[in-house]
Amino acid sequence: MASCVNFMSPHVTLCSPRASLSLSFSGEPTKFLRRSPSIIAPRFQVVAAEKAEQPPLKIMISGAPASGKGTQCELITQKYGLVHISAGDLLRAEIVSGSENGRLAKEYMEKGQLVPAEIVVMMVKDRLSQTDSQQNGWLLDGYPRSSSQATALKGFGFEPDLFIVLEVPEDILVERVVGRRLDPVTGKIYHLKYSPPETEEIAARLTQRFDDTEEKVKLRLKTHNQNVSDVLSMYDDITIKIKGNRPKEEVFTQIDTALSEMLQQRNTAPSSLLS
């Protein structure tokens with residue numbers, strides 16, 4: 001029998017069927033009666049959480065291109081000390097190195113298609129297996145992207161405690177991606193509309209990633225939408241869905257609340273959640 005706990009808000013519910021967690025956020029922007037201590041008005045700050053003697057957190061975060069995963073990953077790792085592992089960064093490192101896997105991956109990415117699981121899964125597996133990931137816990141960003149990838153990870157023994165999905169309307173996603181620019185000197189990411197470069201000198205040297213065109217991003221979004229339902233079906237009992245078109249502070253407040261409550265449940269009811 002599943003048991004459910006309401007976290008002081010009509011929009012947040014935790015259920016525990018078969019020793020699993022499921023949370024949902026719905027309606028208008030959630031207003032919590034008890035605000036997270038990591039959010040300090042009027043300045044947004046994140047305070048590292050104290051580590052307790054318990055298994056490290058294992059979190060997956062998913063969303064379409066430009067859904068805000070990068071920003072939320074920074075905030076999550078800053079507070080919880082998890083190892084941030086981005087499948088996209090692993091792939092791009094292979095492409096830059098000119099390896100055979102990198103060359104094959106680039107061909108698929110330029111077509112807006114998913115890179116085959118066999119090219120990526122071993123890189124992800126090896127990173128998750130490293131000592132820092134095992135000791136501190138991990139935050140897997142943008143992976144798995146298909147049911148076959150999720151199945152492969154499960155076969156290697158890697159399953160998350162929580163699966164976070166950031167949802168943003170498609171027209172906003174396209175606008176975010178097409179306007180993105182990279183400063184090759186500093187590595188800073190700009191947006192022509194929302195975060196323009198400070199000087200004309202910087203503006204003149206900005207570059208656009210090869211797959212950040214409108215045509216390619218629409219292909220990527222189509223591929224993402226076709227596969228996301230299959231991935232979610234494998235993690236439906238530990239999934240939370242967050243509206244990613246809200247301010248980053250509000251998005252993180254909801255994620256932080258979910259993680260904090262999950263840790264609290266571990267501490268107060270270990271027999272029901274960890275057995």
# chains A, B, ... in the order shown; residues from 1 in each chain; ligands from 1

$ select_by_dssp --residues "region 62-240 of chain A" --states "strand (DSSP E or B)" --output "list of chain:residue names"
A:Ser62, A:Gly63, A:Val83, A:His84, A:Ile85, A:Ser86, A:Trp138, A:Leu139, A:Leu140, A:Asp141, A:Leu162, A:Phe163, A:Ile164, A:Val165, A:Leu166, A:Glu167, A:Arg180, A:Arg181, A:Leu182, A:Ile189, A:Tyr190, A:His191, A:Ser195, A:Thr207, A:Thr239, A:Ile240

$ closest_residue --among "A:Asp212, A:Ser233, A:Arg176, A:Ile59" --to "Ile76 (chain A)" --atoms "only C-alpha atoms"
A:Ile59

$ atom_distance --atom1 "CA of Thr223 (chain A)" --atom2 "CA of Leu114 (chain A)"
7.4 Å

$ atom_distance --atom1 "CA of Glu94 (chain A)" --atom2 "CA of Glu167 (chain A)"
28.7 Å

$ atom_distance --atom1 "CA of Met262 (chain A)" --atom2 "CA of Ser67 (chain A)"
23.8 Å

$ residues_around --residues "Gly88 (chain A)" --least-positions-apart "2" --cutoff "12 Å" --atoms "only C-alpha atoms" --output "PDB file with C-alpha atoms, in the first residue's frame"
ATOM      1  CA  SER A  62      16.315  16.008 -17.708  1.00  0.00           C
ATOM      2  CA  PRO A  65      17.750  22.024 -24.889  1.00  0.00           C
ATOM      3  CA  LYS A  69      19.384  22.296 -16.631  1.00  0.00           C
ATOM      4  CA  GLY A  70      22.801  23.936 -16.450  1.00  0.00           C
ATOM      5  CA  HIS A  84      27.952  16.994 -11.792  1.00  0.00           C
ATOM      6  CA  ILE A  85      28.162  14.673 -14.795  1.00  0.00           C
ATOM      7  CA  SER A  86      26.969  16.013 -18.137  1.00  0.00           C
ATOM      8  CA  LEU A  90      31.533  14.058 -22.163  1.00  0.00           C
ATOM      9  CA  LEU A  91      30.496  13.873 -25.818  1.00  0.00           C
ATOM     10  CA  ARG A  92      31.908  17.293 -26.688  1.00  0.00           C
ATOM     11  CA  ALA A  93      35.218  16.368 -25.071  1.00  0.00           C
ATOM     12  CA  GLU A  94      35.389  13.341 -27.361  1.00  0.00           C
ATOM     13  CA  ILE A  95      34.586  15.520 -30.382  1.00  0.00           C
ATOM     14  CA  GLY A 102      33.815  11.859 -31.207  1.00  0.00           C
ATOM     15  CA  ALA A 105      28.933  11.445 -32.328  1.00  0.00           C
ATOM     16  CA  LYS A 106      29.341  14.683 -34.280  1.00  0.00           C
ATOM     17  CA  MET A 109      24.475  15.602 -33.518  1.00  0.00           C
ATOM     18  CA  LEU A 114      20.516  10.964 -30.678  1.00  0.00           C
ATOM     19  CA  VAL A 115      24.007   9.556 -30.476  1.00  0.00           C
ATOM     20  CA  VAL A 120      27.802   7.154 -24.825  1.00  0.00           C
ATOM     21  CA  VAL A 121      26.882   4.597 -22.204  1.00  0.00           C
ATOM     22  CA  MET A 123      31.664   6.968 -20.994  1.00  0.00           C
ATOM     23  CA  VAL A 124      28.836   7.666 -18.545  1.00  0.00           C
ATOM     24  CA  LEU A 140      23.551  13.115 -14.031  1.00  0.00           C
ATOM     25  CA  ASP A 141      22.636  15.916 -16.431  1.00  0.00           C
ATOM     26  CA  GLY A 142      20.881  15.191 -19.722  1.00  0.00           C
ATOM     27  CA  TYR A 143      21.193  11.419 -19.630  1.00  0.00           C
ATOM     28  CA  PRO A 144      19.570   8.993 -20.264  1.00  0.00           C
ATOM     29  CA  ARG A 145      17.714  10.360 -23.301  1.00  0.00           C
TER      30      ARG A 145
END

$ closest_residue --among "A:Ala152, A:Leu219, A:Ile238, A:Val251" --to "Cys73 (chain A)" --atoms "only C-alpha atoms"
A:Val251

$ closest_residue --among "A:Pro169, A:Val83, A:Arg103, A:Glu200" --to "Ser129 (chain A)" --atoms "only C-alpha atoms"
A:Val83

$ select_by_dssp --residues "region 48-103 of chain A" --states "helix (DSSP H, G or I)" --output "NGL selection string"
:A and (69-80 or 87-97 or 100-103)

$ closest_residue --among "A:Gln78, A:Thr213, A:Asn245, A:Asn225" --to "Val174 (chain A)" --atoms "only C-alpha atoms"
A:Thr213

$ residues_around --residues "Arg180 (chain A)" --least-positions-apart "4" --cutoff "12 Å" --atoms "only C-alpha atoms" --output "PDB file with C-alpha atoms, in the first residue's frame"
ATOM      1  CA  PRO A  65      17.750  22.024 -24.889  1.00  0.00           C
ATOM      2  CA  ALA A  66      17.748  25.402 -23.042  1.00  0.00           C
ATOM      3  CA  LEU A 173      13.043  26.904 -25.980  1.00  0.00           C
ATOM      4  CA  VAL A 174      13.642  27.820 -29.633  1.00  0.00           C
ATOM      5  CA  GLU A 175      14.108  31.494 -28.740  1.00  0.00           C
ATOM      6  CA  ARG A 176      16.546  30.623 -25.950  1.00  0.00           C
ATOM      7  CA  LYS A 188      31.046  32.812 -21.063  1.00  0.00           C
ATOM      8  CA  ILE A 189      27.616  32.153 -22.565  1.00  0.00           C
ATOM      9  CA  TYR A 190      25.576  35.155 -23.716  1.00  0.00           C
ATOM     10  CA  HIS A 191      22.095  35.573 -25.163  1.00  0.00           C
ATOM     11  CA  LEU A 192      21.523  38.255 -27.764  1.00  0.00           C
ATOM     12  CA  LYS A 193      18.207  39.250 -26.140  1.00  0.00           C
ATOM     13  CA  TYR A 194      18.310  38.247 -22.491  1.00  0.00           C
ATOM     14  CA  SER A 195      22.016  38.557 -21.678  1.00  0.00           C
ATOM     15  CA  PRO A 196      23.784  40.594 -24.385  1.00  0.00           C
ATOM     16  CA  PRO A 197      27.569  41.136 -24.409  1.00  0.00           C
ATOM     17  CA  ALA A 203      30.064  41.021 -29.477  1.00  0.00           C
ATOM     18  CA  LEU A 206      31.012  35.711 -30.224  1.00  0.00           C
ATOM     19  CA  THR A 207      30.353  32.390 -31.917  1.00  0.00           C
ATOM     20  CA  GLN A 208      27.292  30.182 -32.270  1.00  0.00           C
ATOM     21  CA  ARG A 209      27.387  26.453 -31.573  1.00  0.00           C
ATOM     22  CA  PHE A 210      26.911  24.462 -34.764  1.00  0.00           C
ATOM     23  CA  ASP A 211      23.686  22.845 -33.501  1.00  0.00           C
ATOM     24  CA  ASP A 212      22.118  26.053 -32.096  1.00  0.00           C
ATOM     25  CA  THR A 213      20.337  27.046 -35.316  1.00  0.00           C
ATOM     26  CA  GLU A 214      16.536  27.101 -35.480  1.00  0.00           C
ATOM     27  CA  VAL A 217      17.045  22.857 -32.503  1.00  0.00           C
TER      28      VAL A 217
END
